[in-house]
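Q: Contents of run-v5.cif (mmCIF, C-alpha atoms) are given next:
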data_query
loop_
_atom_site.label_atom_id
_atom_site.label_comp_id
_atom_site.auth_asym_id
_atom_site.auth_seq_id
_atom_site.Cartn_x
_atom_site.Cartn_y
_atom_site.Cartn_z
CA MET A 8 -63.05 -60.88 39.00
CA ASN A 9 -65.94 -58.54 38.15
CA ASP A 10 -68.90 -59.55 35.99
CA ARG A 11 -67.52 -58.02 32.81
CA THR A 12 -64.15 -59.70 33.20
CA ALA A 13 -65.83 -63.04 33.82
CA GLU A 14 -68.09 -62.66 30.79
CA PHE A 15 -65.10 -61.78 28.63
CA ALA A 16 -63.11 -64.77 29.91
CA SER A 17 -66.02 -67.03 28.96
CA ALA A 18 -66.15 -65.60 25.44
CA ARG A 19 -62.38 -65.44 24.87
CA PRO A 20 -61.97 -68.88 23.21
CA LEU A 21 -64.64 -68.05 20.64
CA LEU A 22 -63.22 -64.58 20.03
CA PHE A 23 -59.72 -65.94 19.45
CA SER A 24 -61.06 -68.67 17.15
CA ILE A 25 -62.84 -66.11 14.99
CA ALA A 26 -59.94 -63.66 14.99
CA TYR A 27 -57.34 -66.30 14.07
CA ARG A 28 -59.41 -67.64 11.17
CA MET A 29 -59.93 -64.07 9.98
CA VAL A 30 -56.33 -62.81 10.08
CA GLY A 31 -54.27 -66.04 10.00
CA SER A 32 -51.91 -64.87 12.73
CA VAL A 33 -51.76 -66.00 16.35
CA MET A 34 -50.08 -62.78 17.48
CA ASP A 35 -52.51 -60.53 15.62
CA ALA A 36 -55.48 -62.56 16.83
CA GLU A 37 -54.32 -62.20 20.44
CA ASP A 38 -53.88 -58.46 19.91
CA LEU A 39 -57.39 -58.18 18.46
CA VAL A 40 -58.85 -60.03 21.42
CA GLN A 41 -57.00 -57.71 23.81
CA ASP A 42 -58.27 -54.66 21.90
CA ALA A 43 -61.78 -56.10 22.13
CA PHE A 44 -61.33 -56.45 25.90
CA ILE A 45 -60.41 -52.77 26.22
CA LYS A 46 -63.43 -51.70 24.17
CA TRP A 47 -65.59 -54.07 26.20
CA GLN A 48 -64.46 -52.53 29.49
CA GLU A 49 -65.11 -49.02 28.19
CA ALA A 50 -68.55 -49.71 26.66
CA PRO A 51 -71.58 -48.16 28.40
CA ASP A 52 -73.92 -50.67 30.05
CA ALA A 53 -76.78 -49.40 27.90
CA ASP A 54 -75.00 -50.60 24.73
CA ILE A 55 -74.66 -54.19 25.93
CA ARG A 56 -77.76 -56.35 25.66
CA ALA A 57 -76.12 -59.67 24.75
CA PRO A 58 -72.47 -59.85 25.88
CA GLN A 59 -71.26 -62.59 23.51
CA ALA A 60 -72.96 -60.99 20.51
CA TYR A 61 -71.46 -57.63 21.44
CA LEU A 62 -67.96 -59.07 21.79
CA THR A 63 -68.23 -61.05 18.56
CA THR A 64 -69.19 -57.87 16.75
CA ILE A 65 -66.20 -56.00 18.15
CA VAL A 66 -63.62 -58.65 17.29
CA THR A 67 -65.03 -59.28 13.80
CA ARG A 68 -64.98 -55.61 12.89
CA LEU A 69 -61.47 -55.22 14.30
CA ALA A 70 -60.36 -58.22 12.21
CA ILE A 71 -61.82 -56.68 9.06
CA ASP A 72 -59.89 -53.46 9.72
CA GLN A 73 -56.73 -55.50 10.36
CA LEU A 74 -57.11 -57.37 7.06
CA ARG A 75 -57.59 -54.16 5.13
CA SER A 76 -54.37 -52.71 6.54
CA ALA A 77 -52.47 -55.98 5.95
CA ARG A 78 -53.48 -56.41 2.32
CA ALA A 79 -50.70 -54.24 0.86
CA LYS A 80 -48.07 -56.00 2.97
CA ARG A 81 -49.18 -59.43 1.80
CA GLU A 82 -49.15 -58.35 -1.84
CA THR A 83 -45.44 -57.46 -1.52
CA TYR A 84 -44.54 -60.43 0.71
CA VAL A 85 -41.39 -62.31 -0.33
CA GLY A 86 -42.34 -65.82 -1.48
CA PRO A 87 -45.54 -67.67 -0.57
CA TRP A 88 -47.54 -66.31 2.37
CA LEU A 89 -48.81 -68.89 4.84
CA PRO A 90 -50.76 -68.41 8.07
CA GLU A 91 -48.93 -68.41 11.37
CA PRO A 92 -48.90 -72.04 12.59
CA LEU A 93 -51.11 -72.86 15.57
CA VAL A 94 -50.31 -75.96 17.62
CA THR A 95 -53.54 -77.87 18.29
CA GLU A 96 -52.10 -80.93 20.02
CA HIS A 97 -54.17 -80.29 23.14
CA SER A 98 -57.31 -78.92 21.51
CA PRO A 99 -60.01 -78.49 24.16
CA ASP A 100 -62.62 -80.12 21.92
CA PRO A 101 -61.06 -82.46 19.35
CA SER A 102 -64.48 -84.00 18.73
CA GLY A 103 -65.96 -80.67 17.67
CA PRO A 104 -67.80 -80.12 14.41
CA VAL A 105 -65.93 -81.20 11.27
CA GLU A 106 -66.56 -77.80 9.67
CA LEU A 107 -64.89 -76.04 12.60
CA ALA A 108 -61.84 -78.33 12.48
CA GLU A 109 -61.59 -78.04 8.70
CA SER A 110 -61.68 -74.24 8.91
CA LEU A 111 -58.47 -74.36 10.95
CA SER A 112 -56.45 -76.19 8.29
CA MET A 113 -53.71 -74.44 6.33
CA ALA A 114 -55.53 -75.19 3.09
CA PHE A 115 -58.69 -73.47 4.31
CA LEU A 116 -56.87 -70.41 5.65
CA VAL A 117 -54.81 -70.04 2.47
CA MET A 118 -58.00 -70.34 0.41
CA LEU A 119 -59.57 -67.49 2.37
CA GLU A 120 -56.86 -65.16 1.08
CA ARG A 121 -58.81 -64.94 -2.18
CA LEU A 122 -61.67 -63.16 -0.43
CA SER A 123 -62.14 -59.53 0.52
CA PRO A 124 -62.21 -58.81 4.27
CA VAL A 125 -66.02 -58.60 4.40
CA GLU A 126 -66.42 -61.74 2.26
CA ARG A 127 -64.01 -63.51 4.55
CA ALA A 128 -65.92 -62.44 7.67
CA ILE A 129 -69.25 -63.68 6.33
CA PHE A 130 -67.74 -66.92 5.05
CA VAL A 131 -65.99 -67.66 8.35
CA LEU A 132 -68.99 -66.80 10.53
CA ARG A 133 -71.40 -68.82 8.42
CA GLU A 134 -69.34 -71.78 7.18
CA ALA A 135 -67.08 -72.34 10.19
CA PHE A 136 -69.20 -71.15 13.13
CA ASP A 137 -72.70 -71.62 11.71
CA PHE A 138 -73.90 -68.13 12.62
CA GLU A 139 -77.41 -67.32 11.46
CA PHE A 140 -77.83 -64.61 8.82
CA PRO A 141 -79.68 -62.18 11.14
CA ASP A 142 -76.69 -62.32 13.52
CA ILE A 143 -74.16 -61.89 10.69
CA ALA A 144 -76.14 -58.93 9.35
CA ARG A 145 -76.11 -57.30 12.77
CA ILE A 146 -72.38 -57.88 13.24
CA LEU A 147 -71.52 -56.32 9.88
CA ALA A 148 -74.28 -53.66 9.87
CA LYS A 149 -75.68 -55.01 6.60
CA THR A 150 -78.99 -56.47 5.50
CA GLU A 151 -79.58 -60.21 5.55
CA THR A 152 -80.12 -60.15 1.79
CA ASN A 153 -76.80 -58.41 1.26
CA CYS A 154 -75.00 -60.93 3.47
CA ARG A 155 -76.51 -63.84 1.56
CA GLN A 156 -75.42 -62.28 -1.74
CA ILE A 157 -71.88 -61.71 -0.46
CA LEU A 158 -71.65 -65.30 0.77
CA LEU A 159 -72.83 -66.59 -2.61
CA ARG A 160 -70.20 -64.46 -4.33
CA ALA A 161 -67.52 -65.74 -1.95
CA ARG A 162 -68.48 -69.36 -2.62
CA LYS A 163 -68.27 -68.80 -6.35
CA ARG A 164 -64.86 -67.18 -6.00
CA LEU A 165 -63.53 -70.08 -3.98
CA GLY A 166 -65.05 -72.76 -6.19
CA LYS A 167 -65.53 -76.33 -5.10
CA THR A 168 -63.34 -77.28 -2.16
CA GLU A 169 -62.14 -80.75 -1.27
CA ALA A 170 -62.50 -82.29 2.15
CA ARG A 171 -59.28 -81.97 4.11
CA PHE A 172 -59.77 -84.63 6.77
CA GLN A 173 -60.13 -87.86 4.81
CA ALA A 174 -57.21 -89.73 6.35
CA ASP A 175 -57.69 -91.85 9.47
CA PRO A 176 -55.49 -90.26 12.18
CA ALA A 177 -53.76 -93.54 13.08
CA ALA A 178 -53.11 -94.34 9.41
CA ALA A 179 -51.80 -90.81 8.87
CA GLU A 180 -49.36 -91.20 11.75
CA ARG A 181 -48.10 -94.51 10.33
CA LEU A 182 -47.64 -92.87 6.95
CA LEU A 183 -45.64 -90.06 8.54
CA ASP A 184 -43.52 -92.60 10.43
CA ARG A 185 -42.59 -94.17 7.08
CA PHE A 186 -41.90 -90.79 5.54
CA ALA A 187 -39.80 -89.59 8.49
CA ALA A 188 -37.75 -92.79 8.50
CA ALA A 189 -37.14 -92.50 4.75
CA THR A 190 -36.12 -88.86 5.13
CA ARG A 191 -33.68 -89.61 7.96
CA ALA A 192 -32.15 -92.41 5.87
CA GLY A 193 -31.94 -90.19 2.79
CA ASP A 194 -33.97 -92.81 0.87
CA LEU A 195 -35.39 -90.82 -2.04
CA SER A 196 -37.41 -93.68 -3.53
CA ALA A 197 -39.07 -94.48 -0.17
CA MET A 198 -39.95 -90.81 0.27
CA VAL A 199 -41.43 -90.58 -3.22
CA ALA A 200 -43.54 -93.69 -2.57
CA VAL A 201 -45.73 -91.89 0.00
CA LEU A 202 -46.09 -88.61 -1.90
CA ALA A 203 -48.97 -87.89 -4.28
CA ASP A 204 -48.04 -87.44 -7.94
CA ASP A 205 -49.31 -83.85 -7.90
CA ILE A 206 -47.96 -82.90 -4.46
CA THR A 207 -47.13 -79.24 -3.80
CA LEU A 208 -44.80 -77.91 -1.12
CA TRP A 209 -45.36 -74.34 0.05
CA ALA A 210 -42.45 -72.80 1.96
CA ASP A 211 -42.93 -69.50 3.77
CA GLY A 212 -39.66 -67.93 4.81
CA GLY A 213 -40.76 -64.34 4.31
CA GLY A 214 -37.37 -63.57 2.80
CA LYS A 215 -35.86 -64.02 6.27
CA ALA A 216 -35.04 -67.74 6.38
CA LYS A 217 -32.29 -69.47 4.44
CA GLY A 218 -33.30 -72.27 2.12
CA ALA A 219 -37.02 -71.42 1.91
CA ALA A 220 -38.43 -71.84 -1.60
CA ARG A 221 -39.51 -68.57 -3.20
CA ARG A 222 -42.03 -70.47 -5.34
CA PRO A 223 -44.15 -73.58 -4.74
CA VAL A 224 -42.28 -76.86 -5.33
CA ARG A 225 -44.40 -79.28 -7.36
CA GLY A 226 -44.05 -82.97 -8.15
CA ARG A 227 -43.05 -85.74 -5.79
CA THR A 228 -39.42 -86.15 -6.89
CA ARG A 229 -38.74 -82.42 -6.71
CA VAL A 230 -40.45 -82.16 -3.34
CA ALA A 231 -38.50 -85.13 -1.95
CA ARG A 232 -35.19 -83.68 -3.16
CA PHE A 233 -36.05 -80.28 -1.68
CA LEU A 234 -36.82 -81.85 1.70
CA LEU A 235 -33.59 -83.86 1.71
CA GLY A 236 -31.65 -80.69 0.99
CA ALA A 237 -33.50 -78.84 3.75
CA ARG A 238 -32.76 -81.61 6.26
CA ARG A 239 -29.04 -81.42 5.53
CA ARG A 240 -29.18 -77.78 6.60
CA PHE A 241 -30.62 -78.60 10.03
CA PRO A 242 -28.10 -77.54 12.68
CA PRO A 243 -26.36 -80.23 14.73
CA GLY A 244 -28.19 -81.04 17.93
CA GLY A 245 -31.53 -79.86 16.59
CA VAL A 246 -34.68 -81.14 18.30
CA ILE A 247 -37.66 -82.41 16.32
CA ARG A 248 -41.08 -82.37 17.99
CA ARG A 249 -43.96 -84.26 16.39
CA THR A 250 -47.27 -82.56 17.06
CA ARG A 251 -50.52 -81.46 15.46
CA ILE A 252 -50.54 -78.05 13.83
CA ASN A 253 -53.74 -76.41 12.61
CA GLY A 254 -55.51 -79.69 13.24
CA GLN A 255 -53.16 -81.66 10.99
CA PRO A 256 -50.07 -83.82 11.61
CA GLY A 257 -46.75 -82.03 11.55
CA PHE A 258 -43.54 -81.30 13.37
CA ILE A 259 -41.44 -78.43 14.65
CA VAL A 260 -37.64 -78.29 14.38
CA TYR A 261 -35.83 -76.43 17.18
CA ALA A 262 -32.28 -75.13 17.25
CA SER A 263 -30.73 -73.84 20.48
CA GLY A 264 -34.18 -74.00 22.07
CA ARG A 265 -35.83 -71.83 19.41
CA PRO A 266 -38.20 -72.94 16.65
CA LEU A 267 -36.51 -73.09 13.26
CA VAL A 268 -39.35 -74.39 11.08
CA ALA A 269 -42.88 -75.77 11.42
CA VAL A 270 -44.03 -78.33 8.85
CA ILE A 271 -47.67 -79.35 8.31
CA TYR A 272 -48.86 -82.31 6.20
CA ASP A 273 -52.12 -82.58 4.32
CA ILE A 274 -52.72 -86.32 4.08
CA ARG A 275 -55.54 -87.80 2.02
CA GLY A 276 -55.93 -91.54 1.82
CA ASP A 277 -52.49 -93.16 1.72
CA ARG A 278 -50.56 -90.23 0.26
CA ILE A 279 -49.22 -86.85 1.35
CA HIS A 280 -50.87 -84.33 -0.96
CA THR A 281 -49.56 -80.99 0.32
CA ILE A 282 -46.75 -79.90 2.62
CA TYR A 283 -46.68 -76.47 4.27
CA SER A 284 -43.37 -75.27 5.71
CA VAL A 285 -43.18 -72.07 7.78
CA SER A 286 -39.71 -70.80 8.65
CA ASN A 287 -40.30 -67.04 8.83
CA PRO A 288 -39.04 -66.38 12.39
CA GLU A 289 -41.74 -63.76 12.96
CA LYS A 290 -44.38 -66.48 12.57
CA LEU A 291 -42.77 -68.95 14.97
CA GLN A 292 -42.66 -66.86 18.14
CA LYS A 293 -45.85 -68.31 19.64
CA LEU A 294 -44.88 -71.95 19.20
CA PRO A 295 -44.38 -74.01 22.41
CA ALA A 296 -41.01 -74.93 23.85
CA PRO A 297 -39.21 -78.00 22.46
CA ALA A 298 -39.84 -81.46 23.82
CA GLN A 299 -37.48 -84.40 23.66
CA GLU A 300 -35.98 -85.29 20.30
CA SER A 301 -37.94 -87.78 18.22
#
Let me see whether you can do it: turn the structure in this file into structure tokens.

A:
Amino acid sequence: MNDRTAEFASARPLLFSIAYRMVGSVMDAEDLVQDAFIKWQEAPDADIRAPQAYLTTIVTRLAIDQLRSARAKRETYVGPWLPEPLVTEHSPDPSGPVELAESLSMAFLVMLERLSPVERAIFVLREAFDFEFPDIARILAKTETNCRQILLRARKRLGKTEARFQADPAAAERLLDRFAAATRAGDLSAMVAVLADDITLWADGGGKAKGAARRPVRGRTRVARFLLGARRRFPPGGVIRRTRINGQPGFIVYASGRPLVAVIYDIRGDRIHTIYSVSNPEKLQKLPAPAQES
């Protein structure tokens, strides 16, 4: 392994983390990182003073270009658009900064869709990765003052955000155990009991999955009924794998060894406040193989 390859390998986790938060797609993030590697190998030595800074600049600018080209597609997307789920069950640093973990949540990534590509880049670099403004300005070829103004505008556009990680992990797992048992038993009242009054279920099927809601489902009784109906459509012999997805509790349903749907729960206190369901097959290709049925 030559020096450049080794330096890139060292920076790869950071590059993927930035790219995924920017574009919301595991496949696209991996492609961006690979494109950055090619540019890195071709760059003249004279252009590289700080390898990690150079690579971060490449991948951020590539992500901005990717977002600009994807905007039209997302505007015509069938039903709600959700990020591609990322299994984080074996995160290399689960004790990392809260801001970094929070920036991986579905709620955070969906929120970022309100921002322009440049706003999103500055927000992600500053809020999630704590980059200093001189570094952000260099990456985006802007002045520090301009970057500060753009970040202020982005914060105003997003408004006040709620903390996503208020539930104790053990308590959240117990809550999900109750909810899963109630769902398997078809006990509507027991399901409703653990759902927040104002719960919303977002279902991303991309127009390619049967039974995915074209609009958000709101209210705990409606959400519970929708989930019971969805469970009845699970194929016989399906495998359910409990795991953590985007830093939050969830599960993946497999049929014939292939992922059918990924479900992520946003739990706050002793209630489930939001459920994200991704069944668009194009967004499930990077999920791990099924484990034993739970």

Q: Excluding range 199-202 of chain A and residues on its chain fewer than 4 positions from it, collect all residues at most 10 Å away from it, counting all atoms listed in the file, and give them as a list of chain:residue names.

A: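 My reading of the contact set: A:Leu182, A:Leu183, A:Arg185, A:Phe186, A:Ala189, A:Asp194, A:Leu195, A:Ile206, A:Thr207, A:Gly226, A:Arg227, A:Thr228, A:Arg229, A:Val230, A:Ala231, A:Arg232, A:Ile274, A:Asp277, A:Arg278, A:Ile279, A:His280, A:Thr281, A:Ile282.
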
Q: Nearest to Thr63 in chain A among A:Lys46, A:Arg265, A:Lys217, A:Arg238, with distances taken over all atoms listed in the file: which residue is it?

A: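 The answer is A:Lys46, which sits nearest to Thr63 in chain A.
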
Q: So the first atom is CA of Gly31 in chain A and the second is CA of Ile55 in chain A; what is the distance between them in Å, to one decimal place?

A: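 The value is 28.5 Å.
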
Q: Using CA of Val125 in chain A and CA of Lys163 in chain A as the two end points, give the distance in Å to one decimal.

A: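 These two atoms are separated by 15.0 Å.
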
Q: Which residue is closest to Phe241 in chain A? Choose from A:Ala70, A:Ala262, A:Leu93, A:Leu119 and count only C-alpha atoms.

A: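 That would be A:Ala262, the residue with the smallest distance to Phe241 in chain A.
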
Q: Need to verify the contact set: range 209-211 of chain A, 7 Å, all atoms listed in the file, exclusion of same-chain residues closer than 5 positions in sequence. Can you return it as a short mmCIF file (atom, residue, chain, number, x, y, z; two decimals) with C-alpha atoms, in the frame of the given file?

A:
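Resulting contents of result-v3.cif:
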data_model
loop_
_atom_site.label_atom_id
_atom_site.label_comp_id
_atom_site.auth_asym_id
_atom_site.auth_seq_id
_atom_site.Cartn_x
_atom_site.Cartn_y
_atom_site.Cartn_z
CA GLY A 86 -42.34 -65.82 -1.48
CA PRO A 87 -45.54 -67.67 -0.57
CA TRP A 88 -47.54 -66.31 2.37
CA LEU A 89 -48.81 -68.89 4.84
CA ALA A 219 -37.02 -71.42 1.91
CA ALA A 220 -38.43 -71.84 -1.60
CA PRO A 223 -44.15 -73.58 -4.74
CA VAL A 224 -42.28 -76.86 -5.33
CA ILE A 282 -46.75 -79.90 2.62
CA TYR A 283 -46.68 -76.47 4.27
CA SER A 284 -43.37 -75.27 5.71
CA VAL A 285 -43.18 -72.07 7.78
CA SER A 286 -39.71 -70.80 8.65
CA ASN A 287 -40.30 -67.04 8.83
#

Q: For CA of Ile252 in chain A and CA of Ser17 in chain A, quote the distance in Å rounded to one decimal.

A: 24.3 Å

Q: Could you write out as AutoDock Vina command-line options the box around range 20-31 of chain A (axis-aligned, all atoms listed in the file, 8 Å on each side), with centre and edge lengths in Å to one decimal?

A:
--center_x -59.5 --center_y -65.8 --center_z 16.6 --size_x 26.4 --size_y 22.1 --size_z 29.2

Q: Using the partial input, fill out range 207-229 of chain A with N, CA and C atoms; write the result as a compact mmCIF listing (two decimals), in the coordinates of the input.

A:
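And here's rebuild_38.txt as it stands now:
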# COMPACT_ATOMS: atom_id res chain seq x y z
N THR A 207 -47.71 -80.58 -3.79
CA THR A 207 -47.13 -79.24 -3.80
C THR A 207 -46.58 -78.93 -2.42
N LEU A 208 -45.39 -78.37 -2.37
CA LEU A 208 -44.80 -77.91 -1.12
C LEU A 208 -44.77 -76.39 -1.13
N TRP A 209 -45.36 -75.79 -0.11
CA TRP A 209 -45.36 -74.34 0.05
C TRP A 209 -44.42 -74.00 1.19
N ALA A 210 -43.44 -73.14 0.94
CA ALA A 210 -42.45 -72.80 1.96
C ALA A 210 -42.46 -71.29 2.20
N ASP A 211 -42.84 -70.90 3.39
CA ASP A 211 -42.93 -69.50 3.77
C ASP A 211 -41.74 -69.13 4.64
N GLY A 212 -40.79 -68.44 4.05
CA GLY A 212 -39.66 -67.93 4.81
C GLY A 212 -39.70 -66.43 4.94
N GLY A 213 -40.61 -65.79 4.22
CA GLY A 213 -40.76 -64.34 4.31
C GLY A 213 -39.52 -63.57 3.91
N GLY A 214 -38.61 -64.22 3.17
CA GLY A 214 -37.37 -63.57 2.80
C GLY A 214 -36.39 -63.46 3.95
N LYS A 215 -36.69 -64.16 5.08
CA LYS A 215 -35.86 -64.02 6.27
C LYS A 215 -35.26 -65.34 6.72
N ALA A 216 -35.54 -66.42 6.00
CA ALA A 216 -35.04 -67.74 6.38
C ALA A 216 -34.27 -68.35 5.21
N LYS A 217 -33.10 -68.86 5.48
CA LYS A 217 -32.29 -69.47 4.44
C LYS A 217 -32.92 -70.78 3.97
N GLY A 218 -32.86 -70.99 2.67
CA GLY A 218 -33.30 -72.27 2.12
C GLY A 218 -34.78 -72.39 1.86
N ALA A 219 -35.58 -71.35 2.18
CA ALA A 219 -37.02 -71.42 1.91
C ALA A 219 -37.27 -71.18 0.42
N ALA A 220 -38.14 -71.97 -0.18
CA ALA A 220 -38.43 -71.84 -1.60
C ALA A 220 -39.23 -70.57 -1.86
N ARG A 221 -38.80 -69.80 -2.85
CA ARG A 221 -39.51 -68.57 -3.20
C ARG A 221 -40.77 -68.87 -4.00
N ARG A 222 -40.86 -70.06 -4.57
CA ARG A 222 -42.03 -70.47 -5.34
C ARG A 222 -42.45 -71.87 -4.89
N PRO A 223 -43.72 -72.23 -5.10
CA PRO A 223 -44.15 -73.58 -4.74
C PRO A 223 -43.31 -74.64 -5.45
N VAL A 224 -43.02 -75.72 -4.75
CA VAL A 224 -42.28 -76.86 -5.33
C VAL A 224 -43.32 -77.92 -5.66
N ARG A 225 -43.36 -78.35 -6.92
CA ARG A 225 -44.40 -79.28 -7.36
C ARG A 225 -43.79 -80.57 -7.90
N GLY A 226 -44.51 -81.67 -7.67
CA GLY A 226 -44.05 -82.97 -8.15
C GLY A 226 -43.30 -83.71 -7.07
N ARG A 227 -43.56 -85.02 -6.95
CA ARG A 227 -43.05 -85.74 -5.79
C ARG A 227 -41.53 -85.89 -5.77
N THR A 228 -40.88 -86.03 -6.91
CA THR A 228 -39.42 -86.15 -6.89
C THR A 228 -38.78 -84.83 -6.50
N ARG A 229 -39.29 -83.74 -7.05
CA ARG A 229 -38.74 -82.42 -6.71
C ARG A 229 -38.97 -82.09 -5.25
